[in-house]
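Dumped structure04.csv below, it's CSV, C-alpha atoms:
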chain,number,residue,atom,x,y,z
J,1,MET,CA,-11.7,19.0,2.6
J,2,SER,CA,-14.9,21.0,2.2
J,3,ARG,CA,-15.1,23.4,-0.6
J,4,PRO,CA,-17.4,26.4,-1.1
J,5,SER,CA,-20.4,25.0,-3.0
J,6,ASP,CA,-20.8,28.0,-5.3
J,7,LEU,CA,-17.2,27.7,-6.6
J,8,VAL,CA,-16.1,25.4,-9.3
J,9,GLN,CA,-13.8,22.8,-7.7
J,10,GLY,CA,-10.2,23.9,-7.7
J,11,THR,CA,-10.9,27.5,-8.6
J,12,LEU,CA,-10.4,28.7,-5.0
J,13,ASP,CA,-6.7,27.8,-5.4
J,14,LEU,CA,-6.5,29.7,-8.6
J,15,LEU,CA,-8.2,32.8,-7.1
J,16,LEU,CA,-5.9,32.7,-4.0
J,17,LEU,CA,-2.8,32.4,-6.1
J,18,LYS,CA,-3.9,35.3,-8.3
J,19,ILE,CA,-4.6,37.5,-5.4
J,20,LEU,CA,-1.3,36.7,-3.7
J,21,ALA,CA,0.5,37.4,-7.0
J,22,LEU,CA,-0.4,41.0,-6.6
J,23,GLU,CA,0.9,41.5,-3.1
J,24,PRO,CA,1.6,39.5,0.1
J,25,LEU,CA,-1.5,39.5,2.3
J,26,ASN,CA,-2.8,38.0,5.6
J,27,GLY,CA,-5.7,35.7,5.7
J,28,TRP,CA,-8.3,38.3,6.7
J,29,ALA,CA,-7.1,40.7,4.0
J,30,ILE,CA,-7.3,37.9,1.5
J,31,SER,CA,-11.0,37.3,2.4
J,32,GLN,CA,-11.7,41.1,2.1
J,33,ARG,CA,-9.9,41.2,-1.3
J,34,LEU,CA,-11.9,38.2,-2.6
J,35,LYS,CA,-15.2,39.8,-1.8
J,36,GLN,CA,-14.0,43.1,-3.2
J,37,VAL,CA,-12.7,42.0,-6.5
J,38,SER,CA,-15.5,39.6,-7.2
J,39,GLY,CA,-18.2,42.2,-6.3
J,40,HIS,CA,-19.5,39.8,-3.7
J,41,VAL,CA,-20.4,37.3,-6.4
J,42,LEU,CA,-18.0,34.7,-5.2
J,43,GLN,CA,-19.1,33.7,-1.7
J,44,VAL,CA,-16.1,32.1,-0.1
J,45,SER,CA,-16.7,31.4,3.5
J,46,ASP,CA,-13.9,32.8,5.6
J,47,GLY,CA,-13.4,29.4,7.3
J,48,SER,CA,-12.7,27.5,4.1
J,49,LEU,CA,-10.0,30.0,3.2
J,50,TYR,CA,-7.5,28.7,5.8
J,51,PRO,CA,-7.5,25.0,4.9
J,52,ALA,CA,-7.0,26.1,1.3
J,53,LEU,CA,-4.1,28.4,2.3
J,54,HIS,CA,-2.4,25.8,4.3
J,55,LYS,CA,-2.7,23.3,1.5
J,56,LEU,CA,-1.1,25.8,-0.9
J,57,GLU,CA,1.7,26.4,1.5
J,58,GLN,CA,2.3,22.7,1.9
J,59,GLU,CA,2.5,22.4,-1.9
J,60,GLY,CA,5.2,25.1,-1.9
J,61,TRP,CA,3.1,27.5,-4.0
J,62,ILE,CA,2.9,30.1,-1.3
J,63,ALA,CA,5.2,30.9,1.7
J,64,ALA,CA,4.1,32.2,5.1
J,65,GLU,CA,5.7,34.8,7.2
J,66,TRP,CA,4.7,36.5,10.5
J,67,ARG,CA,4.9,40.3,10.5
J,68,ALA,CA,3.0,43.4,11.6
J,69,SER,CA,-0.4,43.9,10.0
J,70,GLU,CA,-1.9,47.1,8.8
J,71,ASN,CA,-3.1,47.8,12.4
J,72,ASN,CA,0.2,46.9,13.9
J,73,ARG,CA,-0.6,43.4,15.2
J,74,ARG,CA,1.2,40.2,14.5
J,75,ALA,CA,-0.4,38.4,11.5
J,76,LYS,CA,0.5,35.6,9.1
J,77,PHE,CA,1.3,37.0,5.7
J,78,TYR,CA,1.3,34.8,2.6
J,79,SER,CA,3.2,35.5,-0.6
J,80,LEU,CA,3.6,33.7,-3.9
J,81,THR,CA,6.7,31.6,-4.4
J,82,ARG,CA,8.5,30.9,-7.7
J,83,LEU,CA,6.8,27.6,-7.9
J,84,GLY,CA,3.5,29.3,-7.1
J,85,ARG,CA,3.9,31.7,-10.0
J,86,ARG,CA,4.4,28.8,-12.4
J,87,GLN,CA,1.4,27.0,-11.0
J,88,LEU,CA,-0.7,30.2,-11.4
J,89,GLU,CA,0.3,30.4,-15.1
J,90,LYS,CA,-0.7,26.8,-15.6
J,91,GLU,CA,-4.0,27.0,-13.8
J,92,THR,CA,-4.8,30.3,-15.6
J,93,ALA,CA,-4.2,28.6,-18.9
J,94,ASP,CA,-6.3,25.6,-17.8
J,95,TRP,CA,-9.1,27.9,-16.7
J,96,ALA,CA,-9.1,29.8,-20.0
J,97,ARG,CA,-9.3,26.6,-22.0
J,98,LEU,CA,-12.1,25.2,-19.9
J,99,SER,CA,-14.2,28.4,-19.8
J,100,GLY,CA,-13.6,29.0,-23.5
J,101,ALA,CA,-14.9,25.5,-24.3
J,102,ILE,CA,-18.0,26.0,-22.1
J,103,ALA,CA,-18.6,29.4,-23.6
J,104,SER,CA,-18.5,28.0,-27.1
J,105,VAL,CA,-21.0,25.3,-26.2
J,106,LEU,CA,-23.4,27.9,-24.8
J,107,ARG,CA,-23.1,29.9,-28.0
J,108,ILE,CA,-24.6,27.2,-30.1
J,109,GLU,CA,-27.8,28.5,-31.6
J,110,GLU,CA,-31.0,26.6,-30.8
J,111,ALA,CA,-32.8,25.6,-33.9
Y,1,MET,CA,10.0,20.4,-10.4
Y,2,ARG,CA,9.5,17.7,-7.8
Y,3,ILE,CA,12.7,18.5,-6.0
Y,4,GLU,CA,11.9,22.1,-5.8
Y,5,HIS,CA,8.5,21.1,-4.4
Y,6,TRP,CA,10.2,19.1,-1.6
Y,7,LEU,CA,12.5,22.0,-0.9
Y,8,TYR,CA,9.4,23.8,0.3
Y,9,GLU,CA,7.5,20.9,1.7
Y,10,LEU,CA,10.2,19.1,3.7
Y,11,PRO,CA,11.0,21.9,6.2
Y,12,LEU,CA,7.2,22.5,6.7
Y,13,ARG,CA,6.6,18.8,7.3
Y,14,LEU,CA,9.5,18.5,9.8
Y,15,ARG,CA,8.3,21.6,11.5
Y,16,SER,CA,4.7,20.3,11.7
Y,17,LEU,CA,6.1,17.1,13.2
Y,18,PHE,CA,8.6,18.3,15.7
Y,19,ARG,CA,7.4,21.8,16.6
Y,20,ARG,CA,3.7,20.8,16.6
Y,21,GLN,CA,2.8,22.9,19.7
Y,22,ARG,CA,4.2,25.9,18.0
Y,23,VAL,CA,2.5,25.1,14.7
Y,24,ASP,CA,-0.9,24.6,16.5
Y,25,ALA,CA,-0.4,27.8,18.5
Y,26,GLU,CA,0.3,29.7,15.3
Y,27,LEU,CA,-2.9,28.2,13.7
Y,28,ASP,CA,-4.9,29.4,16.7
Y,29,GLU,CA,-3.3,32.8,16.5
Y,30,GLU,CA,-3.9,33.1,12.8
Y,31,MET,CA,-7.6,32.4,13.1
Y,32,ALA,CA,-7.9,34.5,16.2
Y,33,TYR,CA,-6.5,37.4,14.3
Y,34,HIS,CA,-9.0,36.9,11.6
Y,35,VAL,CA,-12.0,36.9,14.0
Y,36,GLU,CA,-10.7,39.9,15.8
Y,37,ARG,CA,-10.1,41.9,12.6
Y,38,GLU,CA,-13.5,40.9,11.2
Y,39,THR,CA,-15.1,42.0,14.5
Y,40,GLU,CA,-13.5,45.4,14.2
Y,41,GLU,CA,-14.6,45.7,10.7
Y,42,LEU,CA,-18.2,44.9,11.5
Y,43,VAL,CA,-18.2,47.3,14.5
Y,44,ALA,CA,-16.9,50.0,12.2
Y,45,ARG,CA,-19.9,49.3,9.9
Y,46,GLY,CA,-22.2,49.9,12.8
Y,47,MET,CA,-22.7,46.6,14.7
Y,48,THR,CA,-22.6,46.4,18.4
Y,49,PRO,CA,-19.3,44.7,19.5
Y,50,GLU,CA,-21.2,41.6,20.7
Y,51,GLU,CA,-23.1,41.2,17.5
Y,52,ALA,CA,-20.0,41.8,15.5
Y,53,ARG,CA,-18.0,39.1,17.5
Y,54,ARG,CA,-20.8,36.6,17.0
Y,55,ALA,CA,-21.0,37.3,13.3
Y,56,ALA,CA,-17.2,37.1,12.9
Y,57,ARG,CA,-17.1,33.7,14.5
Y,58,ARG,CA,-20.1,32.6,12.4
Y,59,SER,CA,-18.3,33.6,9.2
Y,60,MET,CA,-15.6,31.1,10.1
Y,61,ASP,CA,-18.3,28.5,10.3
Y,62,GLY,CA,-16.9,26.0,12.8
Y,63,LEU,CA,-13.5,27.1,14.0
Y,64,ALA,CA,-12.6,23.7,15.5
Y,65,LEU,CA,-13.5,21.9,12.2
Y,66,ARG,CA,-11.5,24.5,10.2
Y,67,LYS,CA,-8.5,23.9,12.3
Y,68,GLU,CA,-8.9,20.2,11.8
Y,69,GLU,CA,-9.0,20.8,8.1
Y,70,CYS,CA,-5.8,22.9,8.3
Y,71,ARG,CA,-4.1,20.1,10.1
Y,72,ASP,CA,-5.3,17.7,7.5
Y,73,ALA,CA,-3.8,20.0,4.8
Y,74,ARG,CA,-0.5,19.9,6.6
Y,75,GLY,CA,-0.5,16.1,6.6
Y,76,LEU,CA,-0.4,15.9,10.4
Y,77,ASN,CA,-3.5,13.9,11.0
Y,78,PRO,CA,-2.2,10.5,9.9
Y,79,ILE,CA,0.6,10.8,12.5
Y,80,ASP,CA,-1.9,12.0,15.2
Y,81,ASN,CA,-4.3,9.2,14.4
Y,82,THR,CA,-1.6,6.6,14.7
Y,83,LEU,CA,-0.4,7.9,18.0
Y,84,GLN,CA,-4.1,7.9,19.2
Y,85,ASP,CA,-4.5,4.3,18.0
Y,86,ILE,CA,-1.4,3.3,19.9
Y,87,ARG,CA,-2.5,5.0,23.1
Y,88,TYR,CA,-6.0,3.4,22.8
Y,89,GLY,CA,-4.4,0.0,22.2
Y,90,LEU,CA,-2.3,0.4,25.4
Y,91,ARG,CA,-5.4,1.4,27.4
Y,92,VAL,CA,-7.3,-1.6,26.2
Y,93,LEU,CA,-4.4,-3.9,27.0
Y,94,ALA,CA,-4.1,-2.4,30.5
Y,95,LYS,CA,-7.8,-3.1,31.1
Y,96,ALA,CA,-7.5,-6.8,30.3
Y,97,PRO,CA,-4.3,-7.9,32.2
Y,98,GLY,CA,-4.9,-11.6,31.8
Y,99,PHE,CA,-5.2,-11.4,28.1
Y,100,THR,CA,-2.2,-9.1,27.9
Y,101,LEU,CA,-0.1,-11.5,29.9
Y,102,VAL,CA,-1.1,-14.5,27.8
Y,103,ALA,CA,-0.5,-12.6,24.6
Y,104,ILE,CA,2.9,-11.4,25.8
Y,105,LEU,CA,4.0,-14.8,27.0
Y,106,THR,CA,2.9,-16.4,23.8
Y,107,LEU,CA,4.8,-13.9,21.8
Y,108,ALA,CA,7.9,-14.2,24.1
Y,109,LEU,CA,7.9,-18.0,23.8
Y,110,ALA,CA,7.4,-18.0,20.1
Y,111,ILE,CA,10.2,-15.4,19.5
Y,112,GLY,CA,12.5,-17.2,21.9
Y,113,ALA,CA,11.9,-20.6,20.3
Y,114,ASN,CA,12.4,-19.1,16.9
Y,115,SER,CA,15.7,-17.3,17.8
Y,116,THR,CA,17.0,-20.5,19.5
Y,117,VAL,CA,16.3,-22.6,16.5
Y,118,PHE,CA,17.9,-20.0,14.3
Y,119,ALA,CA,20.9,-19.6,16.5
Y,120,VAL,CA,21.6,-23.4,16.2
Y,121,LEU,CA,20.9,-23.4,12.5
Y,122,ASN,CA,23.2,-20.5,12.0
Y,123,ALA,CA,26.0,-22.0,13.9
Y,124,VAL,CA,25.7,-25.5,12.5
Y,125,ILE,CA,24.6,-25.0,8.9
Y,126,LEU,CA,24.6,-21.4,7.7
Y,127,ARG,CA,28.0,-20.2,9.1
Y,128,PRO,CA,31.0,-21.7,7.4
Y,129,LEU,CA,33.5,-23.5,9.5
Y,130,ASN,CA,35.9,-21.2,11.1
Y,131,VAL,CA,39.0,-22.6,9.5
Y,132,PRO,CA,41.0,-21.4,6.5
Y,133,GLN,CA,39.5,-22.5,3.2
Y,134,GLY,CA,36.6,-24.2,4.9
Y,135,GLU,CA,34.9,-24.4,1.6
Y,136,THR,CA,37.3,-27.0,0.4
Y,137,LEU,CA,36.6,-29.4,3.3
Y,138,TRP,CA,34.4,-32.3,2.7
Y,139,GLY,CA,33.1,-35.2,4.8
Y,140,THR,CA,32.8,-38.7,3.4
Y,141,GLU,CA,30.4,-41.3,4.6
Y,142,TYR,CA,30.5,-45.0,4.2
Y,143,GLY,CA,27.2,-46.5,3.1
Y,144,ILE,CA,23.9,-45.0,4.0
Y,145,ASP,CA,22.9,-46.3,7.4
Y,146,ASN,CA,25.9,-46.1,9.5
Y,147,GLY,CA,28.2,-43.6,7.9
Y,148,PHE,CA,31.3,-44.5,9.9
Y,149,HIS,CA,34.4,-45.8,8.2
Y,150,SER,CA,36.5,-48.4,9.9
Y,151,TYR,CA,40.2,-47.5,10.5
Y,152,PRO,CA,41.6,-49.9,8.0
Y,153,ASN,CA,39.1,-48.6,5.5
Y,154,TYR,CA,40.3,-45.1,6.2
Y,155,LEU,CA,43.9,-46.2,5.6
Y,156,ASP,CA,42.9,-47.7,2.3
Y,157,LEU,CA,41.0,-44.6,1.2
Y,158,ARG,CA,43.9,-42.4,2.2
Y,159,GLN,CA,46.4,-44.5,0.3
Y,160,ARG,CA,44.4,-44.5,-2.9
Y,161,ASN,CA,43.2,-41.0,-2.6
Y,162,ARG,CA,43.5,-38.9,-5.8
Y,163,SER,CA,40.6,-36.5,-5.3
Y,164,PHE,CA,41.6,-34.7,-2.2
Y,165,GLU,CA,44.8,-33.1,-0.9
Y,166,ASP,CA,44.7,-35.3,2.2
Y,167,LEU,CA,42.2,-37.3,4.3
Y,168,ALA,CA,41.9,-37.1,8.1
Y,169,ALA,CA,39.7,-39.2,10.3
Y,170,PHE,CA,38.1,-38.6,13.7
Y,171,ASN,CA,35.9,-40.5,16.1
Y,172,PHE,CA,33.9,-39.6,19.2
Y,173,LEU,CA,35.6,-40.6,22.4
Y,174,PHE,CA,34.3,-41.0,25.9
Y,175,ALA,CA,37.0,-41.1,28.5
Y,176,SER,CA,37.2,-41.3,32.3
Y,177,LEU,CA,39.3,-38.6,33.9
Y,178,ASP,CA,40.7,-39.3,37.3
Y,179,ALA,CA,43.0,-36.7,38.7
Y,180,GLY,CA,42.9,-38.0,42.3
Y,181,HIS,CA,39.7,-37.8,44.3
Y,182,SER,CA,36.9,-37.0,41.8
Y,183,PRO,CA,36.7,-39.1,38.7
Y,184,SER,CA,34.7,-37.6,35.9
Y,185,SER,CA,33.8,-38.5,32.4
Y,186,ALA,CA,34.9,-36.4,29.4
Y,187,THR,CA,33.8,-36.5,25.8
Y,188,GLY,CA,36.4,-35.8,23.1
Y,189,PHE,CA,37.6,-36.8,19.7
Y,190,SER,CA,40.3,-39.2,18.7
Y,191,THR,CA,41.9,-38.1,15.5
Y,192,THR,CA,44.5,-39.1,13.1
Y,193,LEU,CA,47.9,-37.4,13.1
Y,194,ASN,CA,47.2,-35.2,10.2
Y,195,TYR,CA,43.8,-34.0,11.5
Y,196,PHE,CA,45.0,-30.4,12.3
Y,197,ASP,CA,47.1,-30.2,9.1
Y,198,VAL,CA,44.1,-31.0,7.0
Y,199,LEU,CA,42.1,-28.3,8.8
Y,200,ARG,CA,45.1,-26.0,8.5
Y,201,ILE,CA,44.8,-24.7,12.0
Y,202,GLN,CA,47.5,-23.9,14.5
Y,203,PRO,CA,47.1,-23.8,18.3
Y,204,TYR,CA,47.4,-20.4,19.9
Y,205,LEU,CA,49.9,-21.8,22.4
Y,206,GLY,CA,51.9,-24.9,22.4
Y,207,ARG,CA,51.6,-27.5,19.6
Y,208,PHE,CA,49.4,-30.2,18.2
Y,209,TYR,CA,50.8,-33.6,17.2
Y,210,ARG,CA,54.2,-34.1,15.8
Y,211,ALA,CA,55.1,-36.6,13.0
Y,212,GLY,CA,55.8,-40.0,14.4
Y,213,GLU,CA,53.6,-39.5,17.5
Y,214,ASP,CA,50.9,-41.7,16.2
Y,215,ARG,CA,51.2,-45.4,16.9
Y,216,GLY,CA,48.2,-46.6,15.1
Y,217,LEU,CA,44.7,-47.4,16.3
Y,218,ASN,CA,43.8,-46.7,19.9
Y,219,SER,CA,47.3,-45.5,20.8
Y,220,ALA,CA,47.7,-42.7,23.4
Y,221,PRO,CA,49.5,-39.5,22.2
Take the structure in the file and give it back as structure tokens.
Amino acid sequence: MSRPSDLVQGTLDLLLLKILALEPLNGWAISQRLKQVSGHVLQVSDGSLYPALHKLEQEGWIAAEWRASENNRRAKFYSLTRLGRRQLEKETADWARLSGAIASVLRIEEA
Amino acid sequence: MRIEHWLYELPLRLRSLFRRQRVDAELDEEMAYHVERETEELVARGMTPEEARRAARRSMDGLALRKEECRDARGLNPIDNTLQDIRYGLRVLAKAPGFTLVAILTLALAIGANSTVFAVLNAVILRPLNVPQGETLWGTEYGIDNGFHSYPNYLDLRQRNRSFEDLAAFNFLFASLDAGHSPSSATGFSTTLNYFDVLRIQPYLGRFYRAGEDRGLNSAP
């Protein structure tokens, strides 16, 4: 599976889980939200979003449902499951540990 | 944790497998929605509809590939690939009928020979005799080469027997049957009086021998 090159491996899952924890969204809305909240810093190609979403659904972390979108067309909405919420907590903690460790390495003063 | 995971995954997998056209159609619809919505957005930002549509499609960078990746994520591809392989195999076989015929015949012969040998083995060796308490039946042999006991020898053995409940003897028999016009040969067994008692079997109809009906070696019943 291809991953966006400018994202640390595995972080796309975390971002998707977090965004869906706020509210159920369809794929297009998720892509908009990603660009919005990251201030266009995180460049996730729209195409790579869907394989990631399908994988998360397969893992049981998110559930899909067809309903009317904001412009009244049928769209597939994803929402976080109980299992997904637990996964989000775990991945958030992992991320905090990893980024904390990297940050403390970068803080080392050069002699 | 694992069980809960399967609660989600199993229905999805089954759906992917048995409602695949539906699942594929939904995937198409999901991506089509995205392209459409993105196009609208770009038009709203001032692009011409044509430009917008092209840009929207480009942002999905390779729709077909993305769909393939989604199918991968759903674990569908291994099944698809297997079916494809089977179809390809059948096509190749159909193209080389001579080879196919030889291969099928070879397999058929081998399987046939194997099952015949097994059927015989099963009947003769593996399956116990269909008599009550067949596991307590034993055969005795005299010497190594011949194996047959003489009748007097049998009588002696039976008289001095302390190891078995009883001893019965039988011999192969080739008889000529002549019931009028067409004589024929029959194979059978000649047995001692107690033969059926030792085997503990009863005829479905009628009777076997009765006590006193044997009159020694080579006597007719």
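CA of Gly62 (chain Y) sits 12.0 Å away from CA of Tyr50 (chain J).
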Write out as a list in words which residues come within 8 Å of Ser45 (chain J) when counting all atoms listed in the file, dropping same-chain ones fewer than 4 positions away.
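The neighbour list is Pro4 and Leu49 of chain J; Ser59, Met60 and Asp61 of chain Y.
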Contact residues around region 67-79 of chain Y with only C-alpha atoms at 12 Å, ignoring same-chain residues under 6 positions, as an NGL selection string
(:J and (1-3 or 47-60)) or (:Y and (9-20 or 23-32 or 60-61 or 85-86))
Fewer than 4 positions away in the same chain doesn't count, so skip those; otherwise give me all residues within 12 Å of Ser163 (chain Y), counting all atoms listed in the file, as a list in words.
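Non-adjacent residues within range: Thr136, Leu137, Trp138, Thr140, Leu157, Arg158, Gln159 and Leu167 of chain Y.
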Can I get the selection written as a JSON list (two decimals), keeping the file's coordinate frame, with C-alpha atoms?
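Printed below is result_21.json as written:
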[["chain", "number", "residue", "atom", "x", "y", "z"],
["Y", 136, "THR", "CA", 37.30, -27.00, 0.40],
["Y", 137, "LEU", "CA", 36.60, -29.40, 3.30],
["Y", 138, "TRP", "CA", 34.40, -32.30, 2.70],
["Y", 140, "THR", "CA", 32.80, -38.70, 3.40],
["Y", 157, "LEU", "CA", 41.00, -44.60, 1.20],
["Y", 158, "ARG", "CA", 43.90, -42.40, 2.20],
["Y", 159, "GLN", "CA", 46.40, -44.50, 0.30],
["Y", 167, "LEU", "CA", 42.20, -37.30, 4.30]]
Between CA of Ala63 (chain J) and CA of Glu4 (chain Y), what distance in Å does the model show, to one decimal?
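Distance reported for this atom pair: 13.4 Å.
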Which one of J:Phe77, J:Trp28, J:Trp95, J:Trp66 sits closest to chain Y if you count all atoms listed in the file?
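Residue with the minimum atom-to-atom distance to chain Y: J:Trp28.
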